[in-house]
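Engineer: File name my_file-v6.csv; file contents CSV, C-alpha atoms and all ligand atoms; full text below.
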```
chain,number,residue,atom,x,y,z
U,21,MET,CA,154.1,-282.8,-62.3
U,22,SER,CA,152.2,-282.0,-65.5
U,23,GLY,CA,149.7,-284.3,-67.1
U,24,GLN,CA,151.1,-286.0,-70.1
U,25,GLY,CA,148.6,-288.7,-69.6
U,26,SER,CA,145.9,-287.9,-72.1
U,27,GLY,CA,148.5,-288.3,-74.9
U,28,GLY,CA,150.1,-291.4,-73.5
U,29,PRO,CA,149.7,-294.9,-75.1
U,30,ALA,CA,146.5,-296.7,-74.4
U,31,THR,CA,146.7,-299.8,-72.2
U,32,PRO,CA,144.0,-302.4,-71.6
U,33,TRP,CA,143.1,-300.4,-68.5
U,34,ASP,CA,142.6,-297.2,-70.4
U,35,GLU,CA,140.6,-298.7,-73.2
U,36,GLY,CA,140.2,-301.9,-75.0
U,37,GLY,CA,137.7,-304.7,-74.7
U,38,PRO,CA,136.1,-305.9,-71.5
U,39,GLU,CA,137.3,-309.5,-72.3
U,40,ARG,CA,140.8,-308.6,-71.3
U,41,LEU,CA,139.6,-307.1,-68.0
U,42,TYR,CA,137.5,-310.1,-67.4
U,43,THR,CA,140.4,-312.4,-67.9
U,44,VAL,CA,142.7,-310.4,-65.7
U,45,SER,CA,140.3,-310.1,-62.7
U,46,ARG,CA,138.8,-313.6,-63.1
U,47,GLY,CA,142.0,-315.5,-63.8
U,48,ARG,CA,143.8,-314.6,-60.7
U,49,ALA,CA,140.8,-314.2,-58.5
U,50,GLY,CA,139.9,-317.7,-59.3
U,51,ARG,CA,141.4,-319.1,-56.1
U,52,HIS,CA,138.6,-317.4,-54.1
U,53,ASP,CA,135.2,-318.8,-54.1
U,54,ARG,CA,132.8,-316.8,-56.1
U,55,THR,CA,130.9,-315.3,-53.1
U,56,SER,CA,134.0,-313.9,-51.3
U,57,VAL,CA,134.7,-310.2,-51.5
U,58,GLU,CA,137.4,-308.0,-50.3
U,59,LEU,CA,137.7,-304.3,-49.3
U,60,VAL,CA,137.9,-302.9,-52.8
U,61,THR,CA,135.7,-305.4,-54.7
U,62,LEU,CA,133.1,-303.3,-56.6
U,63,ILE,CA,129.5,-304.4,-56.0
U,64,VAL,CA,126.7,-303.7,-58.5
U,65,ALA,CA,123.1,-304.5,-57.8
U,66,ARG,CA,121.3,-306.7,-60.3
U,67,THR,CA,117.9,-306.5,-58.7
U,68,GLU,CA,115.8,-303.9,-56.9
U,69,PRO,CA,114.9,-304.0,-53.2
U,70,GLU,CA,111.7,-305.8,-52.4
U,71,PRO,CA,109.2,-305.0,-49.7
U,72,GLY,CA,109.9,-306.9,-46.5
U,73,MET,CA,113.6,-307.2,-47.1
U,74,GLN,CA,116.0,-306.6,-44.2
U,75,PRO,CA,116.8,-302.9,-44.1
U,76,GLU,CA,120.5,-303.4,-44.6
U,77,ILE,CA,119.9,-305.7,-47.6
U,78,ALA,CA,117.5,-303.2,-49.2
U,79,ALA,CA,120.0,-300.4,-48.6
U,80,VAL,CA,122.8,-302.4,-50.2
U,81,LEU,CA,120.7,-303.0,-53.3
U,82,ARG,CA,119.7,-299.3,-53.4
U,83,MET,CA,123.2,-297.9,-53.0
U,84,CYS,CA,124.7,-300.3,-55.5
U,85,GLN,CA,122.8,-299.2,-58.5
U,86,PHE,CA,126.2,-298.0,-59.6
U,87,PRO,CA,129.4,-299.8,-58.7
U,88,LEU,CA,130.4,-299.3,-55.0
U,89,SER,CA,133.3,-300.8,-53.1
U,90,VAL,CA,132.8,-303.1,-50.1
U,91,ALA,CA,134.6,-300.4,-48.0
U,92,GLU,CA,132.1,-297.8,-49.1
U,93,ILE,CA,129.2,-300.0,-48.3
U,94,SER,CA,130.7,-300.7,-44.9
U,95,ALA,CA,131.1,-297.0,-44.3
U,96,TYR,CA,127.5,-296.1,-45.3
U,97,LEU,CA,126.0,-299.0,-43.4
U,98,VAL,CA,128.3,-298.3,-40.4
U,99,LEU,CA,129.0,-302.0,-40.2
U,100,PRO,CA,132.3,-303.9,-40.0
U,101,VAL,CA,133.7,-305.2,-43.2
U,102,SER,CA,133.2,-308.8,-42.1
U,103,THR,CA,129.5,-308.3,-41.5
U,104,VAL,CA,129.1,-306.6,-44.8
U,105,SER,CA,130.9,-309.5,-46.4
U,106,VAL,CA,128.4,-311.9,-45.0
U,107,ILE,CA,125.5,-309.9,-46.3
U,108,LEU,CA,127.1,-309.7,-49.7
U,109,ALA,CA,127.9,-313.4,-49.8
U,110,GLY,CA,124.2,-314.0,-49.4
U,111,LEU,CA,123.3,-311.5,-52.1
U,112,LEU,CA,125.9,-312.9,-54.5
U,113,LYS,CA,124.6,-316.4,-54.0
U,114,GLU,CA,121.1,-315.3,-54.9
U,115,ARG,CA,122.6,-313.4,-57.8
U,116,ARG,CA,121.0,-310.2,-56.6
U,117,VAL,CA,124.4,-308.4,-56.9
U,118,GLU,CA,127.4,-308.8,-59.1
U,119,ALA,CA,131.0,-308.5,-57.8
U,120,ARG,CA,133.8,-307.0,-59.8
U,121,ALA,CA,137.0,-308.4,-58.3
U,122,PRO,CA,139.9,-306.0,-57.6
U,123,VAL,CA,142.9,-306.2,-59.8
U,124,PRO,CA,145.2,-308.5,-57.9
U,125,ALA,CA,148.6,-307.0,-57.4
U,126,ALA,CA,150.1,-310.5,-57.1
U,127,VAL,CA,153.8,-310.3,-56.4
U,128,LEU,CA,154.4,-307.5,-58.8
U,129,PRO,CA,151.6,-305.7,-60.6
U,130,ASP,CA,151.6,-305.8,-64.3
U,131,THR,CA,153.2,-302.9,-66.2
U,132,GLU,CA,150.0,-302.0,-68.1
U,133,LEU,CA,148.1,-301.6,-64.9
U,134,LEU,CA,150.8,-299.4,-63.4
U,135,GLN,CA,150.8,-297.4,-66.6
U,136,ALA,CA,147.1,-296.8,-66.2
U,137,VAL,CA,147.5,-295.8,-62.6
U,138,MET,CA,150.3,-293.4,-63.5
U,139,HIS,CA,148.2,-291.8,-66.2
U,140,GLY,CA,145.3,-291.4,-63.9
U,141,LEU,CA,147.4,-289.7,-61.2
U,142,GLN,CA,149.1,-287.4,-63.7
U,143,ASN,CA,145.8,-286.3,-64.9
U,144,LEU,CA,144.7,-285.3,-61.4
P,16,MET,CA,111.3,-296.9,-58.5
P,17,ASP,CA,111.5,-296.5,-54.8
P,18,TYR,CA,115.0,-295.3,-54.5
P,19,ARG,CA,116.3,-291.7,-54.5
P,20,ILE,CA,119.5,-290.1,-55.5
P,21,SER,CA,120.0,-287.1,-53.4
P,22,ASP,CA,121.6,-283.8,-54.3
P,23,ASP,CA,122.0,-282.7,-50.7
P,24,ASP,CA,125.4,-282.0,-49.4
P,25,GLY,CA,124.9,-283.4,-45.9
P,26,GLY,CA,125.2,-287.0,-46.9
P,27,THR,CA,122.1,-287.8,-44.8
P,28,SER,CA,119.9,-289.1,-47.5
P,29,GLY,CA,122.0,-290.2,-50.4
P,30,VAL,CA,121.5,-293.2,-52.5
P,31,GLY,CA,119.8,-295.8,-50.3
P,32,GLY,CA,119.0,-293.2,-47.7
P,33,VAL,CA,116.2,-295.0,-46.0
P,34,GLY,CA,115.8,-296.0,-42.4
P,35,GLY,CA,118.8,-293.9,-41.3
P,36,ILE,CA,121.1,-295.7,-43.7
P,37,THR,CA,122.8,-293.3,-46.1
P,38,GLY,CA,124.4,-294.0,-49.4
P,39,PRO,CA,126.7,-292.1,-51.7
P,40,ARG,CA,125.8,-288.6,-52.7
P,41,ARG,CA,125.0,-288.2,-56.3
P,42,GLU,CA,128.4,-286.7,-57.1
P,43,ASP,CA,130.1,-289.6,-55.3
P,44,VAL,CA,128.6,-292.3,-57.5
P,45,LEU,CA,131.0,-294.2,-59.7
P,46,PRO,CA,130.3,-294.6,-63.4
P,47,ALA,CA,128.6,-297.9,-64.4
P,48,SER,CA,131.8,-298.6,-66.4
P,49,ALA,CA,133.9,-298.9,-63.3
P,50,ALA,CA,135.3,-302.4,-63.7
P,51,ALA,CA,137.9,-302.9,-61.1
P,52,ALA,CA,139.8,-301.3,-58.3
P,53,VAL,CA,143.2,-301.2,-56.8
P,54,LYS,CA,144.4,-299.9,-53.5
P,55,VAL,CA,147.2,-298.1,-51.8
P,56,VAL,CA,147.7,-298.0,-48.0
P,57,ILE,CA,148.9,-294.9,-46.2
P,58,VAL,CA,150.6,-295.9,-42.9
P,59,GLY,CA,151.8,-293.6,-40.2
P,60,GLY,CA,151.7,-292.8,-36.6
P,61,PHE,CA,149.1,-290.9,-34.7
P,62,GLY,CA,148.4,-287.4,-36.1
P,63,VAL,CA,151.0,-287.6,-38.8
P,64,GLY,CA,148.6,-286.5,-41.6
P,65,LYS,CA,147.1,-289.8,-43.0
P,66,THR,CA,143.5,-288.5,-43.1
P,67,THR,CA,144.8,-285.2,-44.5
P,68,MET,CA,146.6,-286.9,-47.3
P,69,VAL,CA,143.6,-289.1,-48.1
P,70,GLY,CA,141.3,-286.1,-48.1
P,71,SER,CA,143.6,-283.9,-50.2
P,72,VAL,CA,143.7,-286.3,-53.2
P,73,SER,CA,140.3,-288.0,-52.8
P,74,GLU,CA,137.4,-287.2,-55.1
P,75,ILE,CA,135.0,-288.1,-52.2
P,76,ARG,CA,135.0,-286.8,-48.7
P,77,PRO,CA,137.0,-289.4,-46.7
P,78,LEU,CA,134.8,-292.2,-45.3
P,79,THR,CA,135.4,-294.5,-42.4
P,80,THR,CA,135.3,-298.3,-42.5
P,81,GLU,CA,135.9,-300.6,-39.6
P,82,GLU,CA,136.7,-304.2,-38.9
P,83,THR,CA,136.4,-306.3,-35.8
P,84,MET,CA,139.3,-308.5,-35.0
P,85,THR,CA,139.6,-311.3,-32.5
P,86,GLN,CA,143.0,-312.4,-31.5
P,87,ALA,CA,143.9,-315.1,-29.1
P,88,GLY,CA,146.9,-314.1,-27.2
P,89,VAL,CA,148.5,-312.9,-24.0
P,90,GLY,CA,146.8,-309.9,-22.6
P,91,VAL,CA,149.3,-307.1,-22.7
P,92,ASP,CA,147.6,-305.3,-19.8
P,93,ASP,CA,147.4,-308.4,-17.8
P,94,LEU,CA,150.1,-308.8,-15.2
P,95,ALA,CA,149.5,-312.5,-14.9
P,96,GLY,CA,150.0,-312.9,-18.7
P,97,VAL,CA,146.9,-315.0,-19.0
P,98,GLU,CA,146.0,-316.3,-22.4
P,99,ARG,CA,142.7,-314.8,-23.6
P,100,LYS,CA,140.9,-313.5,-26.6
P,101,THR,CA,140.9,-309.9,-27.3
P,102,GLU,CA,138.4,-308.3,-29.6
P,103,THR,CA,139.2,-305.0,-31.1
P,104,THR,CA,137.4,-302.8,-33.5
P,105,VAL,CA,139.7,-300.8,-35.8
P,106,ALA,CA,138.5,-298.0,-38.0
P,107,MET,CA,140.2,-296.3,-40.8
P,108,ASP,CA,139.6,-293.5,-43.2
P,109,PHE,CA,139.7,-294.0,-46.9
P,110,GLY,CA,139.2,-292.0,-50.1
P,111,ARG,CA,138.9,-292.7,-53.8
P,112,ILE,CA,140.4,-291.6,-57.1
P,113,SER,CA,138.8,-292.6,-60.4
P,114,LEU,CA,141.9,-293.2,-62.6
P,115,ASN,CA,139.8,-293.6,-65.7
P,116,GLU,CA,136.4,-294.8,-66.7
P,117,ARG,CA,137.2,-298.3,-65.7
P,118,LEU,CA,139.8,-298.3,-63.0
P,119,VAL,CA,139.4,-296.9,-59.5
P,120,LEU,CA,142.1,-296.3,-56.8
P,121,TYR,CA,141.3,-296.5,-53.2
P,122,LEU,CA,143.5,-295.0,-50.5
P,123,PHE,CA,143.3,-296.3,-47.0
P,124,GLY,CA,144.9,-294.4,-44.1
P,125,THR,CA,145.9,-296.7,-41.3
P,126,PRO,CA,147.6,-295.9,-38.0
P,127,GLY,CA,151.0,-297.7,-38.0
P,128,GLN,CA,151.4,-298.1,-34.2
P,129,GLU,CA,148.3,-300.3,-34.1
P,130,ARG,CA,149.5,-303.8,-34.3
P,131,PHE,CA,146.0,-305.0,-35.3
P,132,TRP,CA,146.4,-303.4,-38.7
P,133,PHE,CA,148.8,-306.1,-39.6
P,134,LEU,CA,146.3,-308.8,-38.6
P,135,TRP,CA,143.7,-307.3,-41.0
P,136,ASN,CA,145.0,-309.5,-43.8
P,137,GLY,CA,142.7,-308.1,-46.4
P,138,LEU,CA,144.1,-304.7,-45.9
P,139,PHE,CA,147.7,-305.2,-47.2
P,140,GLU,CA,146.8,-308.2,-49.3
P,141,GLY,CA,146.6,-307.2,-52.9
P,142,ALA,CA,147.6,-303.6,-52.2
P,143,LEU,CA,149.8,-302.1,-55.0
P,144,GLY,CA,152.0,-300.6,-52.3
P,145,ALA,CA,152.1,-298.3,-49.3
P,146,VAL,CA,153.1,-294.8,-48.4
P,147,VAL,CA,154.8,-294.5,-45.0
P,148,LEU,CA,154.1,-291.0,-43.6
P,149,LEU,CA,157.0,-290.2,-41.4
P,150,ASP,CA,156.7,-288.2,-38.2
P,151,THR,CA,160.1,-287.0,-37.3
P,152,ARG,CA,158.9,-286.4,-33.8
P,153,ARG,CA,158.2,-290.1,-33.3
P,154,LEU,CA,160.6,-292.0,-35.5
P,155,GLU,CA,160.4,-295.2,-33.6
P,156,VAL,CA,156.8,-295.7,-34.8
P,157,SER,CA,157.9,-295.5,-38.4
P,158,PHE,CA,160.8,-297.8,-37.7
P,159,ASP,CA,158.4,-300.5,-36.7
P,160,VAL,CA,156.1,-299.9,-39.7
P,161,VAL,CA,159.0,-300.1,-42.2
P,162,GLY,CA,160.1,-303.4,-40.7
P,163,ARG,CA,156.6,-304.9,-40.9
P,164,LEU,CA,156.1,-303.8,-44.5
P,165,GLU,CA,159.4,-305.3,-45.5
P,166,GLU,CA,158.5,-308.6,-43.7
P,167,ARG,CA,155.3,-308.7,-45.7
P,168,GLY,CA,156.9,-307.8,-49.0
P,169,VAL,CA,154.7,-304.7,-49.4
P,170,PRO,CA,156.6,-302.2,-51.6
P,171,PHE,CA,156.6,-298.7,-50.0
P,172,VAL,CA,157.9,-295.2,-50.2
P,173,VAL,CA,158.6,-293.0,-47.3
P,174,ALA,CA,157.2,-289.4,-47.2
P,175,VAL,CA,158.3,-286.9,-44.6
P,176,ASN,CA,155.5,-284.6,-43.5
P,177,ALA,CA,156.9,-281.1,-42.8
P,178,PHE,CA,155.5,-280.1,-39.4
P,179,PRO,CA,156.6,-276.8,-38.0
P,180,GLY,CA,158.8,-277.3,-35.0
P,181,ALA,CA,159.6,-280.9,-35.8
P,182,PRO,CA,163.2,-281.9,-35.9
P,183,ALA,CA,164.4,-281.4,-39.5
P,184,TYR,CA,166.8,-284.2,-40.3
P,185,PRO,CA,168.6,-284.3,-43.6
P,186,LEU,CA,167.0,-287.1,-45.7
P,187,GLN,CA,170.3,-289.0,-45.7
P,188,GLU,CA,170.3,-289.1,-41.9
P,189,LEU,CA,166.7,-290.3,-41.9
P,190,ARG,CA,167.5,-293.0,-44.4
P,191,ALA,CA,170.3,-294.2,-42.2
P,192,ALA,CA,168.1,-294.1,-39.0
P,193,LEU,CA,165.4,-296.1,-40.7
P,194,ASP,CA,167.9,-298.4,-42.3
P,195,LEU,CA,166.2,-297.9,-45.6
P,196,PRO,CA,167.7,-299.5,-48.7
P,197,ASP,CA,168.9,-296.9,-51.3
P,198,ALA,CA,166.3,-298.0,-53.8
P,199,VAL,CA,163.4,-297.1,-51.5
P,200,PRO,CA,162.3,-293.5,-52.3
P,201,LEU,CA,162.4,-291.0,-49.4
P,202,ILE,CA,160.8,-287.7,-50.1
P,203,ASP,CA,159.4,-284.6,-48.4
P,204,CYS,CA,155.7,-283.9,-48.7
P,205,ASP,CA,152.9,-281.7,-47.4
P,206,ALA,CA,149.9,-283.8,-46.9
P,207,ARG,CA,147.7,-280.7,-46.9
P,208,ASP,CA,148.7,-280.0,-50.5
P,209,ARG,CA,146.9,-281.9,-53.2
P,210,GLY,CA,149.8,-281.6,-55.7
P,211,SER,CA,152.3,-282.8,-53.1
P,212,SER,CA,150.1,-285.7,-52.1
P,213,ARG,CA,149.6,-286.7,-55.7
P,214,ASP,CA,153.3,-286.5,-56.3
P,215,THR,CA,153.9,-288.8,-53.4
P,216,LEU,CA,151.6,-291.3,-55.0
P,217,ILE,CA,153.3,-290.8,-58.3
P,218,THR,CA,156.6,-291.5,-56.6
P,219,LEU,CA,155.2,-294.8,-55.3
P,220,VAL,CA,153.9,-295.8,-58.7
P,221,SER,CA,157.3,-294.9,-60.4
P,222,TYR,CA,159.0,-297.0,-57.8
P,223,LEU,CA,156.6,-299.9,-58.5
P,224,GLN,CA,157.3,-299.5,-62.2
P,225,ALA,CA,161.1,-299.7,-61.5
P,226,LEU,CA,160.5,-302.8,-59.4
P,227,THR,CA,158.7,-304.6,-62.2
P,228,MET,CA,161.7,-303.9,-64.4
P,229,THR,CA,164.2,-305.3,-62.0
P,230,PRO,CA,162.5,-308.5,-60.7
P,231,GLU,CA,165.2,-309.5,-58.2
P,232,THR,CA,164.6,-306.8,-55.7
P,233,SER,CA,163.6,-308.1,-52.3
U,301,LIG,N1,152.3,-278.6,-41.1
U,301,LIG,C1,151.7,-279.7,-41.6
U,301,LIG,N2,150.6,-280.1,-40.9
U,301,LIG,C2,149.9,-281.2,-41.3
U,301,LIG,C3,150.3,-281.9,-42.4
U,301,LIG,N3,149.5,-283.0,-42.6
U,301,LIG,C4,148.6,-282.9,-41.6
U,301,LIG,N4,148.8,-281.8,-40.9
U,301,LIG,C5,148.0,-281.4,-39.7
U,301,LIG,O1,148.2,-282.3,-38.7
U,301,LIG,C6,147.0,-282.6,-38.0
U,301,LIG,C7,146.7,-284.1,-38.0
U,301,LIG,O2,146.4,-284.6,-39.3
U,301,LIG,P1,145.5,-285.9,-39.6
U,301,LIG,O3,145.4,-285.9,-41.1
U,301,LIG,O4,144.3,-285.8,-38.8
U,301,LIG,O5,146.5,-287.0,-39.1
U,301,LIG,P2,146.1,-288.6,-39.0
U,301,LIG,O6,147.4,-289.3,-39.3
U,301,LIG,O7,144.9,-288.9,-39.8
U,301,LIG,O8,145.8,-288.7,-37.5
U,301,LIG,P3,145.1,-289.9,-36.7
U,301,LIG,O9,144.1,-290.5,-37.6
U,301,LIG,O10,144.5,-289.2,-35.5
U,301,LIG,O11,146.2,-290.8,-36.3
U,301,LIG,C8,145.9,-281.8,-38.7
U,301,LIG,O12,145.7,-280.6,-37.9
U,301,LIG,C9,146.5,-281.4,-40.0
U,301,LIG,O13,146.0,-280.2,-40.5
U,301,LIG,C10,151.5,-281.5,-43.1
U,301,LIG,O14,151.9,-282.1,-44.1
U,301,LIG,N5,152.1,-280.4,-42.7
U,302,MG,MG,143.1,-289.9,-39.3
```
Take the structure in the file and give it back as structure tokens.
Structural biologist:
Amino acid sequence: MSGQGSGGPATPWDEGGPERLYTVSRGRAGRHDRTSVELVTLIVARTEPEPGMQPEIAAVLRMCQFPLSVAEISAYLVLPVSTVSVILAGLLKERRVEARAPVPAAVLPDTELLQAVMHGLQNL
Amino acid sequence: MDYRISDDDGGTSGVGGVGGITGPRREDVLPASAAAAVKVVIVGGFGVGKTTMVGSVSEIRPLTTEETMTQAGVGVDDLAGVERKTETTVAMDFGRISLNERLVLYLFGTPGQERFWFLWNGLFEGALGAVVLLDTRRLEVSFDVVGRLEERGVPFVVAVNAFPGAPAYPLQELRAALDLPDAVPLIDCDARDRGSSRDTLITLVSYLQALTMTPETS
């Protein structure tokens, strides 16, 4: 299949303001408490590691200078997802990291999201 | 700053590589603009090509994540059928595709014959959909997977991996054997081939798009 993606219509997922994204990920993720994460939640560090921190915590802060999924953090720490989630809950509570909630697929994912996924794949 | 970003290829001292803990290699780092992620699950029996498919389309080398699950239940190995708790660690490979500057797709390869996968609620929850990799040498495994996905309401497509020496059924026959509704795409693929794996994902997304246009499909 050839990439017709670059010429396709822009969707809120391709471009557009962050407000829209915020609404989408926040609105539907609202049923979770703010410290809960899932496999593909993206984590971004807000602070740098400090001396005396637990090695795993310091490592999370270091590796999350740029967004990184919970699954990737689990892979690099070689720890189960549930353990990583506990570590992250603590860091979120202390506001040392920020969580970017996954786009919820709900019952049926929205058409703009699917359009963006399609463009991305066609450009591969 | 006391952190390092490594250029080395071994992945032994990437971002956060201190005290034996590694982080992503420099080329595996997402842009700061990455705002949200979606996921697709690739399900299939032992050795059917899940890791191969993840690896052929992923922009990072496949990584492994694991989860520990405790289940209260009857011990299957236990002749007396005593109620007890079983703790199992399940591991799965996954890969990543940056769809654009803001949106990231994760692909998780999970063994279908493992009943614990379906207890890992977070795995299928929120997934866009699934690709069932079909092993024509062990159809019964896929039969089970298809049933479980239908139960959970996870939309899926079925991709037949062409293994040499595997029985080559006509797709119509496979569809009948799996009792697949006509609407569910059933395609051939070669998981080793990047283009073929990508096209399989495109088939899934087209199917999802079709589903959003005909709401009463379940
Ligand atoms: N001919 C052919 N061989 C394949 C294909 N996909 C994978 N293989 C081969 O099949 C073997 C198993 O592939 P894997 O990707 O490890 O399968 P898997 O499903 O991840 O296996 P487990 O994780 O062990 O369940 C490898 O030697 C692959 O090279 C395919 O589409 N065609
Ligand atoms: Mg594998």
Engineer: Compute the set of protein, DNA and RNA residues whose minimum atom distance to ligand MG 302 (chain U) is at most 12 Å, using only C-alpha atoms and all ligand atoms, and state it as a ChimeraX atom specification.
Structural biologist: /P:57-70,77-80,105-110,123-127,148,206
Engineer: Write the residues you've just listed into a file as a PDB file, in the coordinates of the input, and include C-alpha atoms for each of them.
Structural biologist:
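The result, stored in result25.pdb:
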```
ATOM      1  CA  ILE P  57     148.900-294.900 -46.200  1.00  0.00           C
ATOM      2  CA  VAL P  58     150.600-295.900 -42.900  1.00  0.00           C
ATOM      3  CA  GLY P  59     151.800-293.600 -40.200  1.00  0.00           C
ATOM      4  CA  GLY P  60     151.700-292.800 -36.600  1.00  0.00           C
ATOM      5  CA  PHE P  61     149.100-290.900 -34.700  1.00  0.00           C
ATOM      6  CA  GLY P  62     148.400-287.400 -36.100  1.00  0.00           C
ATOM      7  CA  VAL P  63     151.000-287.600 -38.800  1.00  0.00           C
ATOM      8  CA  GLY P  64     148.600-286.500 -41.600  1.00  0.00           C
ATOM      9  CA  LYS P  65     147.100-289.800 -43.000  1.00  0.00           C
ATOM     10  CA  THR P  66     143.500-288.500 -43.100  1.00  0.00           C
ATOM     11  CA  THR P  67     144.800-285.200 -44.500  1.00  0.00           C
ATOM     12  CA  MET P  68     146.600-286.900 -47.300  1.00  0.00           C
ATOM     13  CA  VAL P  69     143.600-289.100 -48.100  1.00  0.00           C
ATOM     14  CA  GLY P  70     141.300-286.100 -48.100  1.00  0.00           C
ATOM     15  CA  PRO P  77     137.000-289.400 -46.700  1.00  0.00           C
ATOM     16  CA  LEU P  78     134.800-292.200 -45.300  1.00  0.00           C
ATOM     17  CA  THR P  79     135.400-294.500 -42.400  1.00  0.00           C
ATOM     18  CA  THR P  80     135.300-298.300 -42.500  1.00  0.00           C
ATOM     19  CA  VAL P 105     139.700-300.800 -35.800  1.00  0.00           C
ATOM     20  CA  ALA P 106     138.500-298.000 -38.000  1.00  0.00           C
ATOM     21  CA  MET P 107     140.200-296.300 -40.800  1.00  0.00           C
ATOM     22  CA  ASP P 108     139.600-293.500 -43.200  1.00  0.00           C
ATOM     23  CA  PHE P 109     139.700-294.000 -46.900  1.00  0.00           C
ATOM     24  CA  GLY P 110     139.200-292.000 -50.100  1.00  0.00           C
ATOM     25  CA  PHE P 123     143.300-296.300 -47.000  1.00  0.00           C
ATOM     26  CA  GLY P 124     144.900-294.400 -44.100  1.00  0.00           C
ATOM     27  CA  THR P 125     145.900-296.700 -41.300  1.00  0.00           C
ATOM     28  CA  PRO P 126     147.600-295.900 -38.000  1.00  0.00           C
ATOM     29  CA  GLY P 127     151.000-297.700 -38.000  1.00  0.00           C
ATOM     30  CA  LEU P 148     154.100-291.000 -43.600  1.00  0.00           C
ATOM     31  CA  ALA P 206     149.900-283.800 -46.900  1.00  0.00           C
TER      32      ALA P 206
END
```
Engineer: Smallest atom-to-atom distance to chain P: which of U:Gln74, U:Gln142, U:Thr55, U:Ser105, using all atoms listed in the file?
Structural biologist: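 Using all atoms listed in the file, the shortest distance to chain P belongs to U:Gln142.
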Engineer: Counting only C-alpha atoms, what are the residues of chain P within 7 Å of chain U, and for each of them which pair of atoms is the nearest and at what distance in Å, to one decimal? Sort the table by chain and rising number, as CSV.
Structural biologist:
```
residue,atom,partner,partner_atom,distance
P:Tyr18,CA,U:Arg82,CA,6.3
P:Val30,CA,U:Met83,CA,5.0
P:Gly31,CA,U:Arg82,CA,4.7
P:Ile36,CA,U:Leu97,CA,5.9
P:Thr37,CA,U:Tyr96,CA,5.5
P:Gly38,CA,U:Met83,CA,5.4
P:Pro39,CA,U:Met83,CA,6.9
P:Val44,CA,U:Phe86,CA,6.5
P:Leu45,CA,U:Pro87,CA,5.9
P:Pro46,CA,U:Phe86,CA,6.5
P:Ala47,CA,U:Phe86,CA,5.4
P:Ala49,CA,U:Pro87,CA,6.5
P:Ala50,CA,U:Arg120,CA,6.2
P:Ala51,CA,U:Pro122,CA,5.1
P:Ala52,CA,U:Pro122,CA,4.8
P:Val53,CA,U:Val123,CA,5.8
P:Leu78,CA,U:Ala95,CA,6.1
P:Thr79,CA,U:Ala95,CA,5.3
P:Thr80,CA,U:Ala95,CA,4.8
P:Glu81,CA,U:Pro100,CA,4.9
P:Glu82,CA,U:Pro100,CA,4.5
P:Thr83,CA,U:Pro100,CA,6.3
P:Leu114,CA,U:Gly140,CA,4.1
P:Asn115,CA,U:Gly140,CA,6.2
P:Arg117,CA,U:Trp33,CA,6.9
P:Leu118,CA,U:Trp33,CA,6.7
P:Gly137,CA,U:Glu58,CA,6.6
P:Gly141,CA,U:Ala125,CA,4.9
P:Ala142,CA,U:Ala125,CA,6.3
P:Leu143,CA,U:Ala125,CA,5.6
P:Arg213,CA,U:Leu141,CA,6.6
P:Ile217,CA,U:Met138,CA,6.5
P:Val220,CA,U:Met138,CA,6.5
P:Gln224,CA,U:Leu134,CA,6.6
P:Thr227,CA,U:Leu128,CA,6.2
```
Engineer: Enclose all atoms of ligand LIG 301 (chain U) listed in the file in an axis-aligned box, grow every side by 6 Å, and hand back centre and edge lengths in Å to one decimal, as AutoDock Vina command-line options.
Structural biologist:
```
--center_x 148.2 --center_y -284.7 --center_z -39.8 --size_x 20.2 --size_y 24.2 --size_z 20.6
```
Engineer: For atom CA of P:Leu164 and atom CA of P:Cys204, quote the distance in Å rounded to one decimal.
Structural biologist: 20.3 Å
Engineer: With distances taken over all atoms listed in the file, which of P:Leu195, P:Glu42, P:Asp150, P:Ala225 is nearest to ligand LIG 301 (chain U)?
Structural biologist: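 Using all atoms listed in the file, the shortest distance to ligand LIG 301 (chain U) belongs to P:Asp150.
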Engineer: Quote the spacing between atom CA of P:Ala191 and atom O10 of ligand LIG 301 (chain U) in Å to one decimal place.
Structural biologist: 27.1 Å
Engineer: Pick the closest to ligand LIG 301 (chain U) from P:Glu166, P:Asp214, P:Asp208, P:Asp159: which is it, counting only C-alpha atoms and all ligand atoms?
Structural biologist: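 Distance minimum relative to ligand LIG 301 (chain U) lands on P:Asp208.
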Engineer: Just how far from atom CA of P:Val72 is atom CA of P:Ala198, in Å to one decimal?
Structural biologist: 25.5 Å
Engineer: Between P:Leu226, P:Ile75, P:Leu186, P:Val175, which has the minimum distance to ligand LIG 301 (chain U) (counting all atoms listed in the file)?
Structural biologist: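 Selected residue with least distance to ligand LIG 301 (chain U): P:Val175.
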Engineer: Quick one: residues within 7 Å of U:Arg116, only C-alpha atoms, excluding same-chain residues fewer than 5 positions away - as a PyMOL selection string?
Structural biologist: chain U and resi 65-67+111
